[in-house]
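Shown next, in structure tokens, is the structure this report addresses.
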Amino acid sequence: MRRFLAILLCFSLLTIPVKGTEQPRYVALTFDDGPSGRFTRRLLQGLEQRQVQATFLLCGYRLKDYQELAQQIFDAGHEIGLHGYSHDNMAKMNRRQLKNELSATRALLPEGCDAVFLRPPGGSATDLVEQVAREEGLSLLLWSVDPRDWATHDAAAVETAVVRQVQDGDVVLLHDLSDSSVNAALSIVDRLHGEGFQFVTVSQLAALRNTSLQPGKTYCKFP
């Protein structure tokens, strides 16, 4: 009888979940169109408080006005990518215009900052955009979750949209152009932290998934 009970106990232990065996889930937050003054400053403060790193896709014309903020982004360990100089539609540009957009933006990056991503404004890309990106050593970065935070001032709606959709390996598209977007971003971090997600830059996410980034290739998530 004792032997039978011992066997039953062994089988029952095998069915008990073991803590710590679940694989971590990762997500990359990306912020387009900055730097943008006080909104970016508040976002950086909130991310630092939460020990979160993100990827910022910056516009050259804004970099020109906010050099110190770009330096803060870089010094805080966030990743910086290119979003063009003018934020114009790259799908309508010729080779010379594309080259100028990239070189003018790169010239304004903090010293030592080596951008590896280009996110064309609106995600609009052509074969020519891909060719120029390849020549410039840049991978194209799109996204897998877009709550359209730029189109609303309802931070709660943006948070809900992301939390409902997000999965391991996703790249989330956000902006740092309004209080509502910053509020939503920080709430998203808090909610997803509570659900066990960890936040990394896009390059870190690629490395975690053993993905070797290729210039000219387009990436939207790393499952």
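Scheme for the structure tokens: letters A, B, ... for chains in order shown; per-chain residue numbers from 1; ligand numbers from 1 in order shown.
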What are the nearest atom pairs, with distances in Å to one decimal, for all residues of range 112-157 of chain A that come at most 12 Å from range 187-207 of chain A, using only C-alpha atoms, set out by chain and rising residue number as JSON lines?
{"residue": "A:Asp114", "atom": "CA", "partner": "A:Ser203", "partner_atom": "CA", "distance": 11.9}
{"residue": "A:Ala115", "atom": "CA", "partner": "A:Ser203", "partner_atom": "CA", "distance": 10.3}
{"residue": "A:Val116", "atom": "CA", "partner": "A:Ser203", "partner_atom": "CA", "distance": 8.4}
{"residue": "A:Phe117", "atom": "CA", "partner": "A:Ser203", "partner_atom": "CA", "distance": 8.9}
{"residue": "A:Leu118", "atom": "CA", "partner": "A:Val202", "partner_atom": "CA", "distance": 11.9}
{"residue": "A:Ser139", "atom": "CA", "partner": "A:Ser203", "partner_atom": "CA", "distance": 10.6}
{"residue": "A:Leu140", "atom": "CA", "partner": "A:Val202", "partner_atom": "CA", "distance": 11.6}
{"residue": "A:Leu141", "atom": "CA", "partner": "A:Val202", "partner_atom": "CA", "distance": 8.9}
{"residue": "A:Leu142", "atom": "CA", "partner": "A:Val202", "partner_atom": "CA", "distance": 10.7}
{"residue": "A:Trp143", "atom": "CA", "partner": "A:Val202", "partner_atom": "CA", "distance": 10.3}
{"residue": "A:Pro147", "atom": "CA", "partner": "A:Ile188", "partner_atom": "CA", "distance": 11.3}
{"residue": "A:Ala155", "atom": "CA", "partner": "A:Ser187", "partner_atom": "CA", "distance": 8.5}
{"residue": "A:Ala156", "atom": "CA", "partner": "A:Ser187", "partner_atom": "CA", "distance": 8.3}
{"residue": "A:Ala157", "atom": "CA", "partner": "A:Ile188", "partner_atom": "CA", "distance": 10.8}
Those in range 47-113 of chain A with strand (DSSP E) from DSSP, as a short mmCIF file (atom, residue, chain, number, x, y, z; two decimals) with all heavy atoms, in the first residue's frame:
data_model
loop_
_atom_site.label_atom_id
_atom_site.label_comp_id
_atom_site.auth_asym_id
_atom_site.auth_seq_id
_atom_site.Cartn_x
_atom_site.Cartn_y
_atom_site.Cartn_z
N THR A 55 13.64 51.74 -29.36
CA THR A 55 14.27 52.16 -30.61
C THR A 55 13.57 53.41 -31.12
O THR A 55 12.35 53.42 -31.25
CB THR A 55 14.19 51.04 -31.66
OG1 THR A 55 14.91 49.88 -31.17
CG2 THR A 55 14.81 51.48 -32.98
N PHE A 56 14.35 54.45 -31.38
CA PHE A 56 13.82 55.74 -31.84
C PHE A 56 14.21 55.94 -33.30
O PHE A 56 15.41 55.93 -33.63
CB PHE A 56 14.38 56.88 -31.00
CG PHE A 56 13.81 56.94 -29.60
CD1 PHE A 56 14.25 56.07 -28.61
CD2 PHE A 56 12.84 57.88 -29.27
CE1 PHE A 56 13.74 56.12 -27.33
CE2 PHE A 56 12.32 57.95 -27.98
CZ PHE A 56 12.77 57.07 -27.00
N LEU A 57 13.23 56.13 -34.16
CA LEU A 57 13.47 56.42 -35.56
C LEU A 57 13.31 57.93 -35.75
O LEU A 57 12.20 58.46 -35.68
CB LEU A 57 12.49 55.65 -36.45
CG LEU A 57 12.64 54.12 -36.53
CD1 LEU A 57 14.07 53.72 -36.86
CD2 LEU A 57 12.14 53.41 -35.29
N LEU A 58 14.43 58.62 -35.95
CA LEU A 58 14.46 60.08 -35.87
C LEU A 58 14.48 60.76 -37.23
O LEU A 58 15.06 60.25 -38.19
CB LEU A 58 15.69 60.52 -35.07
CG LEU A 58 15.82 59.92 -33.66
CD1 LEU A 58 17.06 60.49 -32.96
CD2 LEU A 58 14.57 60.19 -32.82
N GLU A 79 18.26 52.65 -28.89
CA GLU A 79 18.73 52.51 -30.26
C GLU A 79 18.17 53.64 -31.10
O GLU A 79 17.02 54.05 -30.93
CB GLU A 79 18.29 51.17 -30.83
CG GLU A 79 18.77 50.93 -32.26
CD GLU A 79 18.51 49.52 -32.73
OE1 GLU A 79 17.54 48.90 -32.27
OE2 GLU A 79 19.29 49.03 -33.57
N ILE A 80 18.99 54.15 -32.02
CA ILE A 80 18.56 55.21 -32.92
C ILE A 80 18.63 54.71 -34.36
O ILE A 80 19.64 54.15 -34.79
CB ILE A 80 19.44 56.47 -32.77
CG1 ILE A 80 19.20 57.10 -31.38
CG2 ILE A 80 19.14 57.47 -33.88
CD1 ILE A 80 20.06 58.32 -31.11
N GLY A 81 17.53 54.91 -35.09
CA GLY A 81 17.48 54.61 -36.51
C GLY A 81 17.06 55.84 -37.29
O GLY A 81 16.73 56.88 -36.70
N LEU A 82 17.06 55.73 -38.61
CA LEU A 82 16.74 56.86 -39.48
C LEU A 82 15.28 56.82 -39.92
O LEU A 82 14.74 55.75 -40.22
CB LEU A 82 17.65 56.86 -40.70
CG LEU A 82 19.16 56.78 -40.46
CD1 LEU A 82 19.90 56.86 -41.79
CD2 LEU A 82 19.62 57.87 -39.52
#
task: Enumerate, as a PyMOL selection string, the complete set of residues in range 27-219 of chain A that a backbone-based DSSP assignment places in helix (DSSP H, G or I).
output: chain A and resi 38-49+60-65+67-75+90-92+95-106+121-123+127-135+149-151+155-165+179-194+202-208
Taking C-alpha atoms for each residue, export the selection above as an mmCIF file, in the first residue's frame.
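Result written to part-v5.cif:
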data_model
loop_
_atom_site.group_PDB
_atom_site.id
_atom_site.type_symbol
_atom_site.label_atom_id
_atom_site.label_comp_id
_atom_site.auth_asym_id
_atom_site.auth_seq_id
_atom_site.Cartn_x
_atom_site.Cartn_y
_atom_site.Cartn_z
ATOM 1 C CA ARG A 38 9.062 67.999 -23.829
ATOM 2 C CA PHE A 39 7.232 64.881 -25.045
ATOM 3 C CA THR A 40 10.488 63.064 -25.753
ATOM 4 C CA ARG A 41 11.967 64.281 -22.479
ATOM 5 C CA ARG A 42 9.034 62.907 -20.485
ATOM 6 C CA LEU A 43 9.121 59.637 -22.386
ATOM 7 C CA LEU A 44 12.830 59.226 -21.680
ATOM 8 C CA GLN A 45 12.253 59.872 -17.984
ATOM 9 C CA GLY A 46 9.458 57.301 -17.874
ATOM 10 C CA LEU A 47 11.485 54.676 -19.709
ATOM 11 C CA GLU A 48 14.468 55.248 -17.431
ATOM 12 C CA GLN A 49 12.301 54.829 -14.336
ATOM 13 C CA GLY A 60 16.691 64.958 -39.620
ATOM 14 C CA TYR A 61 14.754 68.210 -39.520
ATOM 15 C CA ARG A 62 13.884 67.541 -35.875
ATOM 16 C CA LEU A 63 17.392 66.383 -35.030
ATOM 17 C CA LYS A 64 18.620 69.772 -36.219
ATOM 18 C CA ASP A 65 16.539 71.484 -33.519
ATOM 19 C CA GLN A 67 20.613 67.820 -30.801
ATOM 20 C CA GLU A 68 20.762 67.567 -27.007
ATOM 21 C CA LEU A 69 17.739 65.262 -26.934
ATOM 22 C CA ALA A 70 19.272 62.952 -29.511
ATOM 23 C CA GLN A 71 22.341 62.783 -27.316
ATOM 24 C CA GLN A 72 20.170 61.930 -24.296
ATOM 25 C CA ILE A 73 18.481 59.139 -26.245
ATOM 26 C CA PHE A 74 21.848 57.724 -27.255
ATOM 27 C CA ASP A 75 23.434 58.118 -23.805
ATOM 28 C CA MET A 90 10.444 58.079 -50.016
ATOM 29 C CA ALA A 91 8.525 56.058 -52.587
ATOM 30 C CA LYS A 92 8.330 59.236 -54.678
ATOM 31 C CA ARG A 95 18.214 57.994 -55.994
ATOM 32 C CA ARG A 96 19.853 61.382 -55.407
ATOM 33 C CA GLN A 97 17.032 62.542 -53.149
ATOM 34 C CA LEU A 98 17.126 59.325 -51.142
ATOM 35 C CA LYS A 99 20.881 59.542 -50.686
ATOM 36 C CA ASN A 100 20.561 63.159 -49.523
ATOM 37 C CA GLU A 101 17.793 62.249 -47.053
ATOM 38 C CA LEU A 102 19.957 59.598 -45.456
ATOM 39 C CA SER A 103 23.287 61.437 -45.451
ATOM 40 C CA ALA A 104 21.771 64.661 -44.082
ATOM 41 C CA THR A 105 20.111 62.756 -41.239
ATOM 42 C CA ARG A 106 23.172 60.669 -40.434
ATOM 43 C CA PRO A 121 7.897 57.468 -43.470
ATOM 44 C CA GLY A 122 4.544 55.720 -43.615
ATOM 45 C CA GLY A 123 6.330 52.461 -44.314
ATOM 46 C CA ASP A 127 12.719 48.628 -55.038
ATOM 47 C CA LEU A 128 14.823 51.780 -55.284
ATOM 48 C CA VAL A 129 14.436 52.522 -51.570
ATOM 49 C CA GLU A 130 15.576 48.970 -50.832
ATOM 50 C CA GLN A 131 18.544 49.333 -53.190
ATOM 51 C CA VAL A 132 19.693 52.598 -51.626
ATOM 52 C CA ALA A 133 19.218 51.187 -48.129
ATOM 53 C CA ARG A 134 21.381 48.201 -49.095
ATOM 54 C CA GLU A 135 24.070 50.507 -50.460
ATOM 55 C CA ASP A 149 -1.583 56.610 -31.598
ATOM 56 C CA TRP A 150 -0.964 59.647 -33.837
ATOM 57 C CA ALA A 151 -4.642 59.684 -34.838
ATOM 58 C CA ALA A 155 -4.309 56.967 -24.388
ATOM 59 C CA ALA A 156 -6.433 54.187 -22.900
ATOM 60 C CA ALA A 157 -7.632 53.125 -26.363
ATOM 61 C CA VAL A 158 -4.048 52.981 -27.643
ATOM 62 C CA GLU A 159 -2.961 50.929 -24.631
ATOM 63 C CA THR A 160 -5.847 48.489 -25.088
ATOM 64 C CA ALA A 161 -5.138 48.090 -28.806
ATOM 65 C CA VAL A 162 -1.513 47.135 -28.153
ATOM 66 C CA VAL A 163 -2.151 44.858 -25.182
ATOM 67 C CA ARG A 164 -4.817 42.934 -27.109
ATOM 68 C CA GLN A 165 -2.615 42.362 -30.150
ATOM 69 C CA ASP A 179 1.054 63.658 -24.061
ATOM 70 C CA SER A 180 -1.496 60.977 -24.944
ATOM 71 C CA SER A 181 1.079 58.952 -26.902
ATOM 72 C CA VAL A 182 3.606 59.175 -24.069
ATOM 73 C CA ASN A 183 0.953 58.246 -21.502
ATOM 74 C CA ALA A 184 -0.088 55.284 -23.631
ATOM 75 C CA ALA A 185 3.503 54.101 -24.104
ATOM 76 C CA LEU A 186 4.274 54.110 -20.392
ATOM 77 C CA SER A 187 0.980 52.402 -19.554
ATOM 78 C CA ILE A 188 1.745 49.745 -22.178
ATOM 79 C CA VAL A 189 5.098 49.106 -20.510
ATOM 80 C CA ASP A 190 3.456 48.739 -17.106
ATOM 81 C CA ARG A 191 0.726 46.415 -18.381
ATOM 82 C CA LEU A 192 3.008 44.188 -20.406
ATOM 83 C CA HIS A 193 5.609 44.051 -17.648
ATOM 84 C CA GLY A 194 2.836 42.710 -15.448
ATOM 85 C CA VAL A 202 14.993 46.011 -32.215
ATOM 86 C CA SER A 203 18.644 45.046 -32.684
ATOM 87 C CA GLN A 204 18.607 43.224 -29.356
ATOM 88 C CA LEU A 205 15.406 41.429 -30.337
ATOM 89 C CA ALA A 206 16.978 40.332 -33.616
ATOM 90 C CA ALA A 207 20.023 39.009 -31.757
ATOM 91 C CA LEU A 208 17.836 37.135 -29.279
#
query: For Leu29 in chain A, which of A:Thr218, A:Thr126, A:Asn94, A:Ser144 is the closest residue, counting only C-alpha atoms?
result: A:Ser144
query: Can you tell me, as a list in words, what residues are no more than 6 Å from Lys221 in chain A when counting only C-alpha atoms, ignoring any on the same chain fewer than 3 positions away?
result: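 Once the adjacent positions are removed, what remains is Ser144, Gly169, Asp170 and Val171 of chain A.
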For C-alpha atoms, I'd like the residues from the last selection saved as a CSV table (one decimal), in the first residue's frame.
chain,number,residue,atom,x,y,z
A,144,SER,CA,3.7,44.3,-36.6
A,169,GLY,CA,8.7,39.1,-30.9
A,170,ASP,CA,6.5,42.0,-32.0
A,171,VAL,CA,7.7,45.4,-33.1
statement: Min atom-atom distance to Gly37 in chain A from the set A:Asp176, A:Asp168, A:Glu22, A:Asp154, counting only C-alpha atoms, belongs to A:Asp176
